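> Below is the file coords-v1.pdb, which contains PDB, C-alpha atoms.
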MODEL        1
ATOM      1  CA  MET Q   1       1.462  -8.356  25.605
ATOM      2  CA  LYS Q   2       2.951  -5.690  23.366
ATOM      3  CA  ARG Q   3       0.770  -3.047  21.734
ATOM      4  CA  ALA Q   4       1.565  -0.664  18.883
ATOM      5  CA  GLU Q   5      -0.548   2.094  17.391
ATOM      6  CA  ILE Q   6      -0.505   3.481  13.865
ATOM      7  CA  LYS Q   7      -1.838   6.963  13.328
ATOM      8  CA  LEU Q   8      -2.779   8.513   9.994
ATOM      9  CA  THR Q   9      -3.399  12.232   9.577
ATOM     10  CA  ILE Q  10      -4.930  13.361   6.287
ATOM     11  CA  ASP Q  11      -5.359  17.019   5.370
ATOM     12  CA  LEU Q  12      -8.138  17.519   2.813
ATOM     13  CA  ASP Q  13      -8.927  20.401   0.497
ATOM     14  CA  ASP Q  14     -12.447  21.848   0.093
ATOM     15  CA  ASN Q  15     -13.355  18.963  -2.250
ATOM     16  CA  ASN Q  16     -12.132  16.289   0.218
ATOM     17  CA  VAL Q  17      -9.066  15.517  -1.911
ATOM     18  CA  PRO Q  18      -5.991  14.709   0.187
ATOM     19  CA  GLU Q  19      -3.402  17.474   0.218
ATOM     20  CA  SER Q  20      -1.103  15.695   2.657
ATOM     21  CA  ILE Q  21      -0.877  12.336   4.393
ATOM     22  CA  LEU Q  22       1.198  11.810   7.524
ATOM     23  CA  TRP Q  23       1.736   8.505   9.292
ATOM     24  CA  GLU Q  24       3.348   7.598  12.555
ATOM     25  CA  SER Q  25       3.704   4.488  14.666
ATOM     26  CA  THR Q  26       4.461   3.957  18.319
ATOM     27  CA  ASP Q  27       6.661   1.041  17.226
ATOM     28  CA  ALA Q  28       8.724   2.979  14.641
ATOM     29  CA  GLN Q  29      12.315   4.102  15.155
ATOM     30  CA  SER Q  30      11.323   7.665  14.260
ATOM     31  CA  LYS Q  31       8.837   9.194  16.668
ATOM     32  CA  GLU Q  32       7.809  11.962  14.268
ATOM     33  CA  ALA Q  33       4.987  11.862  11.748
ATOM     34  CA  LEU Q  34       6.340  11.130   8.270
ATOM     35  CA  PRO Q  35       4.808  12.445   5.039
ATOM     36  CA  VAL Q  36       3.724  10.045   2.292
ATOM     37  CA  LYS Q  37       2.051  10.609  -1.084
ATOM     38  CA  SER Q  38      -0.123   7.501  -1.209
ATOM     39  CA  MET Q  39      -1.500   4.759   1.014
ATOM     40  CA  MET Q  40      -3.555   1.585   0.775
ATOM     41  CA  LEU Q  41      -5.137   0.050   3.830
ATOM     42  CA  ALA Q  42      -6.993  -3.250   3.618
ATOM     43  CA  LEU Q  43      -8.773  -4.827   6.570
ATOM     44  CA  TRP Q  44     -10.596  -8.162   6.722
ATOM     45  CA  ASP Q  45     -14.061  -7.948   8.292
ATOM     46  CA  GLN Q  46     -14.656 -11.432   9.671
ATOM     47  CA  ASN Q  47     -18.299 -10.724  10.508
ATOM     48  CA  TYR Q  48     -19.239  -9.820   6.931
ATOM     49  CA  THR Q  49     -16.408 -11.846   5.324
ATOM     50  CA  ASN Q  50     -15.302  -9.013   3.094
ATOM     51  CA  THR Q  51     -12.492  -6.525   2.731
ATOM     52  CA  LEU Q  52     -12.675  -2.952   3.940
ATOM     53  CA  ARG Q  53     -10.331  -0.606   2.077
ATOM     54  CA  ILE Q  54      -9.035   2.915   2.162
ATOM     55  CA  ASP Q  55      -6.970   4.010  -0.841
ATOM     56  CA  LEU Q  56      -5.738   7.596  -0.750
ATOM     57  CA  TRP Q  57      -3.200   9.640  -2.649
ATOM     58  CA  THR Q  58      -2.355  13.299  -2.589
ATOM     59  CA  LYS Q  59      -3.265  15.471  -5.536
ATOM     60  CA  ASP Q  60       0.426  16.073  -6.235
ATOM     61  CA  MET Q  61       1.310  12.347  -6.444
ATOM     62  CA  PRO Q  62       3.147  11.961  -9.776
ATOM     63  CA  VAL Q  63       1.721   9.331 -12.143
ATOM     64  CA  ASP Q  64       5.112   7.649 -12.588
ATOM     65  CA  GLU Q  65       5.409   7.235  -8.812
ATOM     66  CA  MET Q  66       1.837   5.877  -8.655
ATOM     67  CA  LYS Q  67       2.769   3.234 -11.244
ATOM     68  CA  GLN Q  68       5.806   2.253  -9.155
ATOM     69  CA  PHE Q  69       3.685   2.240  -5.992
ATOM     70  CA  PHE Q  70       1.159  -0.151  -7.554
ATOM     71  CA  TYR Q  71       3.905  -2.409  -8.911
ATOM     72  CA  GLU Q  72       5.630  -2.650  -5.537
ATOM     73  CA  THR Q  73       2.295  -3.167  -3.757
ATOM     74  CA  LEU Q  74       1.433  -6.078  -6.048
ATOM     75  CA  GLN Q  75       4.859  -7.606  -5.434
ATOM     76  CA  THR Q  76       4.635  -7.282  -1.656
ATOM     77  CA  MET Q  77       1.064  -8.618  -1.631
ATOM     78  CA  GLY Q  78       2.501 -11.716  -3.285
ATOM     79  CA  ASP Q  79       5.165 -11.952  -0.571
ATOM     80  CA  SER Q  80       2.510 -11.670   2.133
ATOM     81  CA  PHE Q  81       0.246 -14.223   0.458
ATOM     82  CA  LEU Q  82       3.135 -16.688   0.176
ATOM     83  CA  ARG Q  83       4.044 -16.273   3.864
ATOM     84  CA  ALA Q  84       0.384 -16.609   4.913
ATOM     85  CA  THR Q  85      -0.569 -19.609   2.758
ATOM     86  CA  GLY Q  86       2.556 -21.299   1.441
ATOM     87  CA  GLU Q  87       0.942 -21.345  -2.029
ATOM     88  CA  THR Q  88       3.951 -21.227  -4.373
ATOM     89  CA  ASN Q  89       2.332 -22.000  -7.753
ATOM     90  CA  ILE Q  90       0.054 -18.975  -7.852
ATOM     91  CA  ILE Q  91       2.872 -16.694  -6.682
ATOM     92  CA  GLU Q  92       4.835 -17.587  -9.803
ATOM     93  CA  ASP Q  93       1.824 -16.467 -11.855
ATOM     94  CA  LEU Q  94       1.574 -13.239  -9.870
ATOM     95  CA  ARG Q  95       5.286 -12.537 -10.386
ATOM     96  CA  ASP Q  96       4.785 -13.091 -14.138
ATOM     97  CA  TYR Q  97       1.901 -10.622 -14.087
ATOM     98  CA  CYS Q  98       3.991  -8.098 -12.132
ATOM     99  CA  ALA Q  99       6.695  -8.308 -14.802
ATOM    100  CA  HIS Q 100       4.007  -7.782 -17.465
ATOM    101  CA  PHE Q 101       2.597  -4.828 -15.478
ATOM    102  CA  ALA Q 102       6.046  -3.234 -15.206
ATOM    103  CA  ASP Q 103       6.627  -3.694 -18.919
ATOM    104  CA  LYS Q 104       3.235  -2.212 -19.885
ATOM    105  CA  MET Q 105       3.683   0.729 -17.501
ATOM    106  CA  GLY Q 106       7.245   1.389 -18.648
ATOM    107  CA  ILE Q 107       8.734   1.085 -15.184
ATOM    108  CA  SER Q 108      11.890  -0.650 -14.060
ATOM    109  CA  PRO Q 109      11.474  -3.300 -11.377
ATOM    110  CA  LYS Q 110      13.732  -2.531  -8.420
TER
ENDMDL
END
In C-alpha cells, write the structure found in this file.

Amino acid sequence: MKRAEIKLTIDLDDNNVPESILWESTDAQSKEALPVKSMMLALWDQNYTNTLRIDLWTKDMPVDEMKQFFYETLQTMGDSFLRATGETNIIEDLRDYCAHFADKMGISPK
C-alpha cells in the first residue's frame, strides 16, 4: 500500500488572520514547502454525514485572484463530480453557471 502525506503550515497574525500558507506533499515532485495565497479543504464526515471545511486566504490575496480562484474551483468541482457520479446533465448546468459567474465577476475563463 502506498501512503502520501499533505502538510499545511499557516502563519497567523495577532488576530488569527493568515499571513502565509505553505503546503507540501510527500508525493509531490518538489520536496520543498510551496507558498499559496488561498486554500479550500473539504472533508466528508461519514459518521455525521456532513462536510467539514477549512477555507483560508492570506490578507494580501488580491480580490481579482480570489475571483479567479473561486471560478476555477467551481469548474474543477464539476470535473470531480462528473468523474465520481457520471451525472452529465447537471454538469452542463454547472458549466453554464460558471460562465455566468465569470461574466459577472469580469474574469476571463482560462
> What would the selection look like, as a PyMOL selection string, if the PyMOL selection byres ((chain Q and resi 21) around 9) were run on the coordinates I just shared?
chain Q and resi 8-11+18-20+22-23+34-39+56-58
> Do you have the CA of Met105 in chain Q-CA of Asp79 in chain Q distance handy?
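Taking CA of Met105 in chain Q as the start and CA of Asp79 in chain Q as the end point, the length is 21.2 Å.
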> In terms of the shortest atom-to-atom distance over all atoms listed in the file, which of Q:Phe101, Q:Lys31, Q:Lys7, Q:Asn15 is closest to Lys67 in chain Q?
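Selected residue with least distance to Lys67 in chain Q: Q:Phe101.
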> Using only C-alpha atoms, which residue out of Q:Lys59, Q:Ile91, Q:Ala28, Q:Asp64 lies closest to Leu12 in chain Q?
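For Leu12 in chain Q, the nearest of the given residues is Q:Lys59.
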> Tell me which of Q:Ser108, Q:Arg83, Q:Arg53, Q:Asp93 sits closest to Glu65 in chain Q, counting all atoms listed in the file.
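With all atoms listed in the file as the atom set, the closest residue is Q:Ser108.
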> Using only C-alpha atoms, which of Q:Thr26, Q:Leu41, Q:Thr85, Q:Cys98 sits nearest Arg3 in chain Q?
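Between Q:Thr26, Q:Leu41, Q:Thr85, Q:Cys98, the residue approaching Arg3 in chain Q most closely is Q:Thr26.
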> Exactly which residues make up the result of the PyMOL selection byres ((chain Q and resi 5) around 6) on this file, given as a list in words?
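Given this file, the PyMOL selection byres ((chain Q and resi 5) around 6) evaluates to Ala4, Ile6, Ser25 and Thr26 of chain Q.
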> With distances taken over only C-alpha atoms, which of Q:Tyr48, Q:Ala33, Q:Asn16, Q:Gln75 is nearest to Glu92 in chain Q?
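The shortest atom-to-atom distance to Glu92 in chain Q comes from Q:Gln75.
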> If I take CA of Met40 in chain Q and CA of Asp55 in chain Q, how far is one from the other in Å, to one decimal?
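Spanning CA of Met40 in chain Q to CA of Asp55 in chain Q is a straight-line distance of 4.5 Å.
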> Find the distance between CA of Ile90 in chain Q and CA of Gly78 in chain Q and write it in Å to one decimal.
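Going from CA of Ile90 in chain Q over to CA of Gly78 in chain Q, I get 8.9 Å.
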